[in-house]
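coords_2.txt (compact mmCIF, C-alpha atoms)
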```
# COMPACT_ATOMS: atom_id res chain seq x y z
CA MET A 25 30.21 101.22 138.20
CA ASN A 26 29.34 99.23 141.32
CA ASP A 27 25.87 100.79 141.39
CA ILE A 28 25.24 99.71 137.81
CA LYS A 29 26.45 96.17 138.51
CA MET A 30 24.30 95.98 141.65
CA ALA A 31 21.22 97.18 139.77
CA LYS A 32 21.85 94.59 137.07
CA ASP A 33 22.25 91.81 139.66
CA ASN A 34 19.00 92.86 141.36
CA CYS A 35 17.20 92.73 138.04
CA VAL A 36 18.62 89.27 137.28
CA ARG A 37 17.57 88.05 140.72
CA GLU A 38 14.01 89.31 140.19
CA ILE A 39 13.83 87.62 136.81
CA ARG A 40 15.07 84.32 138.24
CA GLN A 41 12.58 84.48 141.10
CA THR A 42 9.75 85.14 138.66
CA VAL A 43 10.86 82.33 136.36
CA ASP A 44 11.12 79.93 139.32
CA VAL A 45 7.51 80.72 140.25
CA MET A 46 6.39 80.12 136.65
CA ILE A 47 8.25 76.81 136.51
CA LYS A 48 6.56 75.77 139.76
CA ILE A 49 3.16 76.56 138.23
CA LEU A 50 4.03 74.50 135.14
CA ASP A 51 5.16 71.59 137.34
CA ASP A 52 1.84 71.72 139.23
CA GLN A 53 -0.09 71.70 135.95
CA MET A 54 2.01 68.77 134.75
CA GLN A 55 1.36 66.86 137.96
CA GLU A 56 -2.37 67.50 137.67
CA LYS A 57 -2.44 66.22 134.09
CA HIS A 58 -0.47 63.09 135.08
CA CYS A 59 -2.78 62.44 138.02
CA THR A 60 -5.87 62.64 135.82
CA LEU A 61 -4.33 60.34 133.21
CA ARG A 62 -3.27 57.80 135.87
CA LYS A 63 -6.81 57.66 137.28
CA ARG A 64 -8.28 57.07 133.84
CA LYS A 65 -5.65 54.46 133.03
CA HIS A 66 -6.31 52.62 136.31
CA LYS A 67 -10.04 52.51 135.66
CA LEU A 68 -9.61 51.27 132.11
CA THR A 69 -6.98 48.70 133.17
CA GLN A 70 -9.24 47.36 135.90
CA GLU A 71 -12.15 46.93 133.53
CA THR A 72 -9.89 45.33 130.89
CA VAL A 73 -8.51 42.78 133.39
CA LEU A 74 -12.01 41.78 134.52
CA ARG A 75 -13.24 41.37 130.96
CA GLU A 76 -10.18 39.35 129.96
CA ALA A 77 -10.65 37.11 133.00
CA LEU A 78 -14.31 36.64 132.11
CA LEU A 79 -13.44 35.77 128.51
CA SER A 80 -10.81 33.29 129.69
CA LYS A 81 -13.22 31.67 132.15
CA THR A 82 -15.94 31.49 129.50
CA GLY A 83 -13.51 29.93 127.03
CA ASN A 84 -12.54 27.25 129.55
CA ILE A 85 -16.22 26.45 130.21
CA ILE A 86 -16.89 26.13 126.49
CA MET A 87 -13.83 23.97 125.89
CA ASN A 88 -14.39 21.63 128.88
CA SER A 89 -18.17 21.27 128.77
CA SER A 90 -20.38 19.13 126.64
CA LYS A 91 -23.23 20.65 124.69
CA VAL A 92 -25.75 19.61 127.31
CA GLU A 93 -23.62 21.06 130.15
CA LEU A 94 -23.04 24.21 128.15
CA VAL A 95 -26.77 24.74 127.67
CA ALA A 96 -27.30 24.20 131.39
CA LYS A 97 -24.64 26.79 132.25
CA THR A 98 -25.93 29.40 129.80
CA ASN A 99 -27.72 31.42 132.46
CA ASP A 100 -24.62 31.43 134.68
CA ILE A 101 -22.43 32.66 131.83
CA LEU A 102 -24.91 35.38 130.90
CA GLY A 103 -25.13 36.38 134.54
CA MET A 104 -21.37 36.94 134.72
CA PHE A 105 -21.46 39.20 131.64
CA ILE A 106 -24.44 41.12 132.97
CA ALA A 107 -22.72 41.63 136.33
CA ILE A 108 -19.66 43.19 134.71
CA ALA A 109 -21.86 45.27 132.40
CA ASN A 110 -23.74 46.62 135.43
CA ASP A 111 -20.50 47.46 137.25
CA TYR A 112 -19.12 49.38 134.23
CA GLN A 113 -22.10 51.10 132.65
CA GLU A 114 -20.22 54.28 131.72
CA PRO A 115 -19.51 54.61 127.99
CA MET A 116 -15.91 54.80 126.90
CA ALA A 117 -16.19 58.53 126.11
CA THR A 118 -17.31 59.18 129.69
CA VAL A 119 -14.52 57.10 131.18
CA CYS A 120 -11.87 58.85 129.09
CA GLY A 121 -13.41 62.26 129.74
CA THR A 122 -12.38 65.46 128.08
CA PRO A 123 -9.10 65.15 126.15
CA ILE A 124 -6.21 66.63 128.08
CA PRO A 125 -4.31 69.17 125.96
CA ALA A 126 -0.58 68.64 125.67
CA ASP A 127 0.23 72.35 125.61
CA PHE A 128 0.83 74.68 128.56
CA ASN A 129 0.02 78.36 128.94
CA SER A 130 3.18 80.43 129.13
CA GLU A 131 3.30 83.49 131.37
CA LEU A 132 6.28 84.87 129.47
CA VAL A 133 5.43 84.38 125.80
CA PRO A 134 1.94 85.30 124.54
CA ALA A 135 0.02 82.87 122.40
CA TYR A 136 -0.76 83.33 118.73
CA GLU A 137 -4.03 85.26 118.89
CA SER A 138 -4.47 86.53 115.33
CA SER A 139 -4.18 84.48 112.17
CA ILE A 140 -5.32 84.42 108.56
CA THR A 141 -5.90 81.53 106.17
CA PHE A 142 -4.58 82.27 102.71
CA VAL A 143 -5.90 80.21 99.79
CA MET A 144 -3.71 80.30 96.68
CA VAL A 145 -5.97 79.51 93.73
CA GLY A 146 -4.60 78.35 90.37
CA PHE A 147 -1.21 77.23 91.66
CA ARG A 148 0.02 75.68 88.38
CA ALA A 149 -0.81 78.82 86.38
CA LEU A 150 0.91 80.97 89.00
CA ARG A 151 4.03 78.81 88.73
CA LYS A 152 4.20 79.47 85.00
CA LYS A 153 3.87 83.24 85.51
CA GLY A 154 6.64 83.26 88.12
CA ASP A 155 5.38 86.41 89.86
CA PRO A 156 5.05 86.63 93.65
CA VAL A 157 1.61 86.17 95.21
CA TYR A 158 0.52 88.20 98.24
CA SER A 159 -1.81 87.13 101.01
CA PRO A 160 -4.55 89.28 102.55
CA PRO A 161 -3.24 91.50 105.38
CA LEU A 162 -2.97 90.28 108.97
CA ASN A 163 -3.72 93.27 111.20
CA THR A 164 -2.67 93.28 114.85
CA GLU A 165 -1.92 96.17 117.25
CA GLY A 166 -1.89 98.66 114.40
CA LEU A 167 0.58 96.65 112.32
CA SER A 168 -0.21 95.09 108.96
CA TRP A 169 1.57 91.91 107.88
CA ARG A 170 1.32 89.77 104.76
CA LEU A 171 2.85 86.73 103.11
CA LYS A 172 4.83 86.97 99.90
CA VAL A 173 4.90 83.60 98.16
CA TYR A 174 6.94 82.63 95.10
CA PRO A 175 5.16 79.58 93.58
CA GLU A 176 8.10 78.77 91.30
CA GLY A 177 10.78 79.67 93.83
CA ASP A 178 13.01 82.68 94.22
CA ARG A 179 15.72 83.55 91.72
CA ILE A 180 18.25 83.56 94.54
CA ILE A 181 18.11 79.78 94.53
CA GLU A 182 17.33 77.31 91.77
CA LEU A 183 13.97 78.03 90.17
CA GLY A 184 11.46 75.19 90.16
CA SER A 185 12.88 73.40 93.18
CA HIS A 186 11.28 74.90 96.31
CA LEU A 187 8.33 77.01 97.34
CA CYS A 188 9.55 80.33 98.80
CA VAL A 189 7.55 82.03 101.52
CA TYR A 190 8.42 85.40 103.05
CA VAL A 191 6.85 87.60 105.73
CA GLU A 192 6.56 91.33 105.17
CA LEU A 193 5.55 94.22 107.44
CA THR A 194 3.65 96.53 105.09
CA SER A 195 2.39 99.33 107.34
CA GLY A 196 2.23 100.53 110.90
CA LEU A 197 4.47 102.51 113.24
CA THR A 198 6.52 100.38 115.57
CA GLU A 199 9.72 100.38 117.57
CA ALA A 200 12.67 98.16 116.70
CA TYR A 201 11.27 94.91 118.12
CA LYS A 202 11.54 91.35 117.02
CA TYR A 203 8.45 89.28 116.25
CA GLU A 204 7.91 85.57 115.94
CA TYR A 205 5.89 84.33 112.98
CA ARG A 206 4.54 80.93 112.06
CA VAL A 207 3.74 79.84 108.50
CA GLU A 208 1.77 76.62 108.19
CA LEU A 209 0.95 74.76 104.98
CA LEU A 210 -2.38 72.99 105.48
CA HIS A 211 -2.76 69.42 104.31
CA ASN A 212 -5.49 68.66 101.81
CA SER A 213 -7.00 66.00 104.13
CA ASP A 214 -7.68 68.61 106.88
CA ASP A 215 -5.61 66.46 109.25
CA SER A 216 -3.76 68.97 111.42
CA ILE A 217 -1.09 66.39 112.30
CA ARG A 218 -0.05 66.24 108.63
CA ASN A 219 0.29 70.02 108.26
CA TYR A 220 3.76 71.41 107.60
CA ALA A 221 4.88 74.48 109.57
CA GLN A 222 8.00 76.60 110.03
CA ILE A 223 8.70 79.29 112.62
CA GLY A 224 10.96 82.28 112.18
CA ILE A 225 11.95 85.61 113.76
CA TYR A 226 11.22 88.91 112.05
CA ASP A 227 13.89 91.45 112.99
CA LEU A 228 12.91 95.05 112.29
CA HIS A 229 16.57 96.10 112.49
CA ALA A 230 17.27 93.98 109.42
CA GLY A 231 14.31 95.42 107.50
CA GLY A 232 12.87 94.09 104.27
CA LEU A 233 11.65 90.50 104.10
CA SER A 234 12.09 87.58 106.44
CA GLY A 235 11.18 84.01 105.66
CA PHE A 236 12.18 80.79 103.98
CA ASN A 237 13.66 80.55 100.50
CA ARG A 238 13.38 76.75 100.79
CA PHE A 239 10.06 76.44 102.59
CA ILE A 240 9.09 73.08 101.05
CA SER A 241 10.06 71.11 97.97
CA LEU A 242 7.69 71.58 95.03
CA ASP A 243 7.75 67.83 94.38
CA VAL A 244 6.48 67.18 97.90
CA LEU A 245 3.43 69.41 97.42
CA GLU A 246 1.67 66.88 95.18
CA SER A 247 3.23 63.66 96.42
CA ASP A 248 2.37 64.37 100.08
CA GLY A 249 -1.12 65.71 99.45
CA PHE A 250 -0.71 69.44 100.15
CA LEU A 251 -1.89 70.50 96.69
CA ASP A 252 -5.58 70.01 96.01
CA ARG A 253 -5.46 68.68 92.46
CA SER A 254 -9.17 69.13 91.77
CA SER A 255 -9.21 72.85 92.60
CA ASP A 256 -5.46 73.46 92.07
CA THR A 257 -5.15 75.30 95.40
CA LEU A 258 -2.75 75.59 98.32
CA ARG A 259 -3.79 76.75 101.78
CA PHE A 260 -1.59 78.62 104.23
CA ARG A 261 -2.15 79.70 107.82
CA PHE A 262 -0.12 82.73 108.88
CA GLN A 263 0.36 83.91 112.49
CA VAL A 264 2.45 86.58 114.23
CA ARG A 265 3.08 87.16 117.93
CA HIS A 266 5.27 89.21 120.25
CA LEU A 267 8.21 87.56 121.92
CA THR A 268 7.19 88.63 125.45
CA TYR A 269 4.14 89.96 127.26
CA SER A 270 6.15 93.07 128.09
CA GLN A 271 6.62 93.80 124.40
CA LEU A 272 2.93 93.10 123.78
CA CYS A 273 1.89 95.57 126.51
CA ARG A 274 4.18 98.27 125.11
CA GLU A 275 2.79 97.75 121.63
CA GLN A 276 -0.80 97.86 122.87
CA HIS A 277 -0.04 101.03 124.86
CA ARG A 278 1.48 102.60 121.76
CA TYR A 279 -1.52 101.61 119.65
CA ILE A 280 -3.95 102.97 122.25
CA GLU A 281 -2.12 106.31 122.17
CA ILE A 282 -2.41 106.36 118.36
CA LEU A 283 -6.14 105.65 118.56
CA GLU A 284 -6.64 108.33 121.22
CA THR A 285 -4.75 110.85 119.06
CA ARG A 286 -6.93 109.99 116.08
CA GLU A 287 -10.05 110.30 118.20
CA THR A 288 -8.95 113.75 119.42
CA GLN A 289 -8.22 114.87 115.87
CA ASN A 290 -11.57 113.57 114.66
CA ALA A 291 -13.36 115.36 117.51
CA LYS A 292 -11.65 118.66 116.61
CA TYR A 293 -12.50 118.17 112.94
CA TYR A 294 -16.12 117.43 113.86
CA ASP A 295 -16.33 120.55 116.04
CA LYS A 296 -14.84 122.59 113.20
CA ILE A 297 -17.41 121.25 110.75
CA LYS A 298 -20.19 121.78 113.28
CA SER A 299 -19.07 125.37 113.88
CA GLY A 300 -18.84 125.98 110.14
CA MET A 301 -22.33 124.58 109.64
CA LYS A 302 -23.61 126.85 112.42
CA TRP A 303 -22.16 129.96 110.76
CA CYS A 304 -23.46 128.80 107.39
CA GLY A 305 -26.92 128.54 108.91
CA ILE A 306 -26.70 132.04 110.37
CA THR A 307 -25.43 133.44 107.08
CA ALA A 308 -28.27 131.76 105.21
CA ILE A 309 -30.82 133.27 107.58
CA VAL A 310 -29.31 136.76 107.22
CA LEU A 311 -29.28 136.49 103.44
CA PHE A 312 -32.87 135.27 103.45
CA VAL A 313 -33.99 138.23 105.60
CA MET A 314 -32.09 140.64 103.38
CA TYR A 315 -33.65 139.10 100.30
CA LYS A 316 -37.15 139.45 101.71
CA THR A 317 -36.46 143.04 102.74
CA VAL A 318 -35.20 143.98 99.31
CA TYR A 319 -38.15 142.22 97.69
CA ARG A 320 -40.65 144.14 99.85
CA LEU A 321 -38.96 147.45 99.10
CA LYS A 322 -39.16 146.77 95.37
CA PHE A 323 -42.82 145.72 95.71
CA ILE A 324 -43.69 148.92 97.62
CA LYS A 325 -41.82 151.05 95.08
CA VAL A 326 -43.64 149.46 92.15
CA ASN A 327 -47.07 149.94 93.77
CA ALA A 328 -46.22 153.51 94.56
```
Mind turning this structure into structure tokens?
Amino acid sequence: MNDIKMAKDNCVREIRQTVDVMIKILDDQMQEKHCTLRKRKHKLTQETVLREALLSKTGNIIMNSSKVELVAKTNDILGMFIAIANDYQEPMATVCGTPIPADFNSELVPAYESSITFVMVGFRALRKKGDPVYSPPLNTEGLSWRLKVYPEGDRIIELGSHLCVYVELTSGLTEAYKYEYRVELLHNSDDSIRNYAQIGIYDLHAGGLSGFNRFISLDVLESDGFLDRSSDTLRFRFQVRHLTYSQLCREQHRYIEILETRETQNAKYYDKIKSGMKWCGITAIVLFVMYKTVYRLKFIKVNA
């Protein structure tokens, strides 16, 4: 019992040490992003202060000078603007630089690598039929996933109130793992900020479907611009990922073994066909020789 507890404590200590290192890496990335943003902010603030001071000084000259004095000071005013323009010749896009992404790469949880975009055409007609609509398959590591969408809602809840979206594992051998999936309803304006998304966990122990029987209100689809009224279509983006890199590696190893087994079976089948073709060729040659021999014997007999 003590050995088991000690082994468990050692494992926990290793995990905590690893997580501490990952957190330190994230903190360093955060600090680097903040440093870059502070430098850009300082440069923009400095230029803004100078330009505001120049505008204020120019306004005072205009307000406190007569027309004749203003004409005489024109070259001086233009010179001040030209001096600032020469000091800050970089365009705004150059000053701001490449946009800094707000996300961070996790060393524990893999990113969503595979995805499909599912376009549901004829949404109003599909609502009247009431049958479920299936997306094209999403294939990853030998597993095949798909969306099952009820345009009019599921009978489990009130029909005609919400769009129901479920995730289904249709084929593929796998162990009893959990997967994270993300279902995103794309806005008609192609503005990613206005997209609507929900995330869930697919548990293979539970089996069957996993998803949302109240994904989004049907009234919101048109009022918020998700439904394209001209083409009567809805667009979904569907993604699946493993919960950890360890699970991903095990799944990839399993899939590689399946592919290697298939390759070995195909090689044996090819050799069998090749061997059969070889014997067929030999048999054909023997039959041809026998045919010619018999033909010659008959020819000699007839002439005799």
Counting all atoms listed in the file, figure out which residue out of A:Arg261, A:His266, A:Arg274, A:His186 gets nearest to Thr141 (chain A).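 Smallest distance to Thr141 (chain A) is found for A:Arg261.
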What's around Phe239 (chain A) at 8 Å? Count all atoms listed in the file, leave out sequence neighbours fewer than 4 positions away in its own chain, and write the answer as a short mmCIF file (atom, residue, chain, number, x, y, z; two decimals) with C-alpha atoms, in the frame of the given file.
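Below is the file selection_30.cif, written as the result:
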```cif
data_model
loop_
_atom_site.label_atom_id
_atom_site.label_comp_id
_atom_site.auth_asym_id
_atom_site.auth_seq_id
_atom_site.Cartn_x
_atom_site.Cartn_y
_atom_site.Cartn_z
CA HIS A 186 11.28 74.90 96.31
CA LEU A 187 8.33 77.01 97.34
CA CYS A 188 9.55 80.33 98.80
CA VAL A 189 7.55 82.03 101.52
CA GLN A 222 8.00 76.60 110.03
#
```
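Atom pair CA of Tyr203 (chain A) / CA of Val244 (chain A) has a distance of 28.8 Å (rounded to one decimal).
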Do a neighbour search on region 245-255 of chain A at 8 Å with all atoms listed in the file, toss out local chain neighbours closer than 4 positions, and write the hits as a PyMOL selection string. chain A and resi 145-146+209-213+240-241
What's the 9 Å shell around region 282-288 of chain A, counting all atoms listed in the file, without same-chain residues fewer than 5 positions away, as a PyMOL selection string? chain A and resi 166+277+293
Can you tell me how far CA of Leu50 (chain A) sits from CA of Phe128 (chain A), in Å to one decimal?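 These atoms are spaced 7.3 Å apart.
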Could you jot down the CA of Glu131 (chain A) to CA of Ser216 (chain A) separation for me, Å, one decimal place? 25.7 Å
Shortest interatomic distance to Asp214 (chain A) - which of A:Glu192, A:Gln289, A:Glu71, A:Arg259, counting all atoms listed in the file: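 Of all the options, A:Arg259 lies closest to Asp214 (chain A).
Closest approach to Leu193 (chain A) from the set A:Arg278, A:Lys63, A:Arg179, A:Lys172 is made by A:Lys172, with distances taken over only C-alpha atoms.
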Name all residues at most 12 Å from Tyr269 (chain A) (count only C-alpha atoms; drop same-chain ones fewer than 6 positions away) and give them as a VMD selection string. chain A and resid 130 to 136 203 275 to 276
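Residues in contact with region 152-156 of chain A at up to 8 Å, not including ones fewer than 2 positions away on its chain and judged by all atoms listed in the file, are A:Arg148, A:Ala149, A:Leu150, A:Tyr158, A:Lys172, A:Val173, A:Tyr174, A:Pro175, A:Glu176, A:Gly177.
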Between A:Asp295, A:Glu208, A:Glu93, A:Glu38, which is the closest to Tyr220 (chain A) once you count all atoms listed in the file?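 With all atoms listed in the file as the atom set, the closest residue is A:Glu208.
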Because the input lacks atoms here, generate all heavy atoms for region 31-42 of chain A and report them as a PDB file, in the coordinates of the input.
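result-v4.pdb, written as the output of this step:
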```pdb
ATOM      1  N   ALA A  31      22.557  97.073 140.354  1.00  0.00           N
ATOM      2  CA  ALA A  31      21.220  97.180 139.770  1.00  0.00           C
ATOM      3  C   ALA A  31      20.959  96.042 138.792  1.00  0.00           C
ATOM      4  O   ALA A  31      19.859  95.473 138.747  1.00  0.00           O
ATOM      5  CB  ALA A  31      21.072  98.526 139.064  1.00  0.00           C
ATOM      6  N   LYS A  32      21.993  95.705 138.017  1.00  0.00           N
ATOM      7  CA  LYS A  32      21.850  94.590 137.070  1.00  0.00           C
ATOM      8  C   LYS A  32      21.652  93.276 137.799  1.00  0.00           C
ATOM      9  O   LYS A  32      20.800  92.447 137.432  1.00  0.00           O
ATOM     10  CB  LYS A  32      23.084  94.550 136.178  1.00  0.00           C
ATOM     11  CG  LYS A  32      23.055  93.441 135.128  1.00  0.00           C
ATOM     12  CD  LYS A  32      23.983  92.314 135.479  1.00  0.00           C
ATOM     13  CE  LYS A  32      24.087  91.286 134.383  1.00  0.00           C
ATOM     14  NZ  LYS A  32      24.936  90.145 134.755  1.00  0.00           N
ATOM     15  N   ASP A  33      22.393  93.044 138.882  1.00  0.00           N
ATOM     16  CA  ASP A  33      22.250  91.810 139.660  1.00  0.00           C
ATOM     17  C   ASP A  33      20.867  91.723 140.305  1.00  0.00           C
ATOM     18  O   ASP A  33      20.265  90.642 140.364  1.00  0.00           O
ATOM     19  CB  ASP A  33      23.341  91.740 140.738  1.00  0.00           C
ATOM     20  CG  ASP A  33      24.733  91.569 140.146  1.00  0.00           C
ATOM     21  OD1 ASP A  33      24.822  91.107 138.994  1.00  0.00           O
ATOM     22  OD2 ASP A  33      25.718  91.899 140.852  1.00  0.00           O
ATOM     23  N   ASN A  34      20.350  92.849 140.777  1.00  0.00           N
ATOM     24  CA  ASN A  34      19.000  92.860 141.360  1.00  0.00           C
ATOM     25  C   ASN A  34      17.953  92.504 140.313  1.00  0.00           C
ATOM     26  O   ASN A  34      17.012  91.753 140.588  1.00  0.00           O
ATOM     27  CB  ASN A  34      18.699  94.225 141.966  1.00  0.00           C
ATOM     28  CG  ASN A  34      19.516  94.505 143.210  1.00  0.00           C
ATOM     29  OD1 ASN A  34      19.945  93.575 143.911  1.00  0.00           O
ATOM     30  ND2 ASN A  34      19.740  95.785 143.505  1.00  0.00           N
ATOM     31  N   CYS A  35      18.146  93.035 139.116  1.00  0.00           N
ATOM     32  CA  CYS A  35      17.200  92.730 138.040  1.00  0.00           C
ATOM     33  C   CYS A  35      17.252  91.257 137.669  1.00  0.00           C
ATOM     34  O   CYS A  35      16.221  90.612 137.470  1.00  0.00           O
ATOM     35  CB  CYS A  35      17.515  93.614 136.821  1.00  0.00           C
ATOM     36  SG  CYS A  35      16.336  93.446 135.472  1.00  0.00           S
ATOM     37  N   VAL A  36      18.470  90.699 137.594  1.00  0.00           N
ATOM     38  CA  VAL A  36      18.620  89.270 137.280  1.00  0.00           C
ATOM     39  C   VAL A  36      17.980  88.415 138.365  1.00  0.00           C
ATOM     40  O   VAL A  36      17.318  87.413 138.076  1.00  0.00           O
ATOM     41  CB  VAL A  36      20.110  88.922 137.112  1.00  0.00           C
ATOM     42  CG1 VAL A  36      20.305  87.406 137.023  1.00  0.00           C
ATOM     43  CG2 VAL A  36      20.680  89.605 135.872  1.00  0.00           C
ATOM     44  N   ARG A  37      18.163  88.816 139.623  1.00  0.00           N
ATOM     45  CA  ARG A  37      17.570  88.050 140.720  1.00  0.00           C
ATOM     46  C   ARG A  37      16.046  88.069 140.659  1.00  0.00           C
ATOM     47  O   ARG A  37      15.394  87.041 140.867  1.00  0.00           O
ATOM     48  CB  ARG A  37      18.043  88.635 142.059  1.00  0.00           C
ATOM     49  CG  ARG A  37      17.572  87.805 143.262  1.00  0.00           C
ATOM     50  CD  ARG A  37      18.034  88.355 144.590  1.00  0.00           C
ATOM     51  NE  ARG A  37      17.444  89.657 144.856  1.00  0.00           N
ATOM     52  CZ  ARG A  37      18.086  90.809 144.765  1.00  0.00           C
ATOM     53  NH1 ARG A  37      19.355  90.839 144.387  1.00  0.00           N
ATOM     54  NH2 ARG A  37      17.479  91.955 145.021  1.00  0.00           N
ATOM     55  N   GLU A  38      15.465  89.224 140.317  1.00  0.00           N
ATOM     56  CA  GLU A  38      14.010  89.310 140.190  1.00  0.00           C
ATOM     57  C   GLU A  38      13.502  88.442 139.052  1.00  0.00           C
ATOM     58  O   GLU A  38      12.473  87.767 139.181  1.00  0.00           O
ATOM     59  CB  GLU A  38      13.610  90.770 139.963  1.00  0.00           C
ATOM     60  CG  GLU A  38      13.839  91.673 141.171  1.00  0.00           C
ATOM     61  CD  GLU A  38      13.540  93.121 140.849  1.00  0.00           C
ATOM     62  OE1 GLU A  38      13.246  93.410 139.663  1.00  0.00           O
ATOM     63  OE2 GLU A  38      13.589  93.953 141.769  1.00  0.00           O
ATOM     64  N   ILE A  39      14.240  88.451 137.958  1.00  0.00           N
ATOM     65  CA  ILE A  39      13.830  87.620 136.810  1.00  0.00           C
ATOM     66  C   ILE A  39      13.882  86.142 137.171  1.00  0.00           C
ATOM     67  O   ILE A  39      12.957  85.376 136.853  1.00  0.00           O
ATOM     68  CB  ILE A  39      14.718  87.931 135.588  1.00  0.00           C
ATOM     69  CG1 ILE A  39      14.461  89.357 135.084  1.00  0.00           C
ATOM     70  CG2 ILE A  39      14.475  86.918 134.476  1.00  0.00           C
ATOM     71  CD1 ILE A  39      15.401  89.789 133.984  1.00  0.00           C
ATOM     72  N   ARG A  40      14.947  85.734 137.852  1.00  0.00           N
ATOM     73  CA  ARG A  40      15.070  84.320 138.240  1.00  0.00           C
ATOM     74  C   ARG A  40      13.980  83.910 139.213  1.00  0.00           C
ATOM     75  O   ARG A  40      13.425  82.809 139.123  1.00  0.00           O
ATOM     76  CB  ARG A  40      16.445  84.082 138.841  1.00  0.00           C
ATOM     77  CG  ARG A  40      17.576  84.063 137.811  1.00  0.00           C
ATOM     78  CD  ARG A  40      18.942  83.934 138.463  1.00  0.00           C
ATOM     79  NE  ARG A  40      19.995  83.840 137.451  1.00  0.00           N
ATOM     80  CZ  ARG A  40      21.295  83.911 137.730  1.00  0.00           C
ATOM     81  NH1 ARG A  40      21.701  84.076 138.997  1.00  0.00           N
ATOM     82  NH2 ARG A  40      22.180  83.811 136.766  1.00  0.00           N
ATOM     83  N   GLN A  41      13.650  84.783 140.153  1.00  0.00           N
ATOM     84  CA  GLN A  41      12.580  84.480 141.100  1.00  0.00           C
ATOM     85  C   GLN A  41      11.238  84.324 140.367  1.00  0.00           C
ATOM     86  O   GLN A  41      10.472  83.397 140.653  1.00  0.00           O
ATOM     87  CB  GLN A  41      12.486  85.585 142.155  1.00  0.00           C
ATOM     88  CG  GLN A  41      13.644  85.611 143.138  1.00  0.00           C
ATOM     89  CD  GLN A  41      13.568  86.789 144.085  1.00  0.00           C
ATOM     90  OE1 GLN A  41      12.748  87.688 143.911  1.00  0.00           O
ATOM     91  NE2 GLN A  41      14.426  86.793 145.098  1.00  0.00           N
ATOM     92  N   THR A  42      10.997  85.218 139.424  1.00  0.00           N
ATOM     93  CA  THR A  42       9.750  85.140 138.660  1.00  0.00           C
ATOM     94  C   THR A  42       9.696  83.868 137.826  1.00  0.00           C
ATOM     95  O   THR A  42       8.668  83.180 137.767  1.00  0.00           O
ATOM     96  CB  THR A  42       9.621  86.370 137.741  1.00  0.00           C
ATOM     97  OG1 THR A  42       9.696  87.560 138.525  1.00  0.00           O
ATOM     98  CG2 THR A  42       8.299  86.347 136.989  1.00  0.00           C
TER      99      THR A  42
END
```
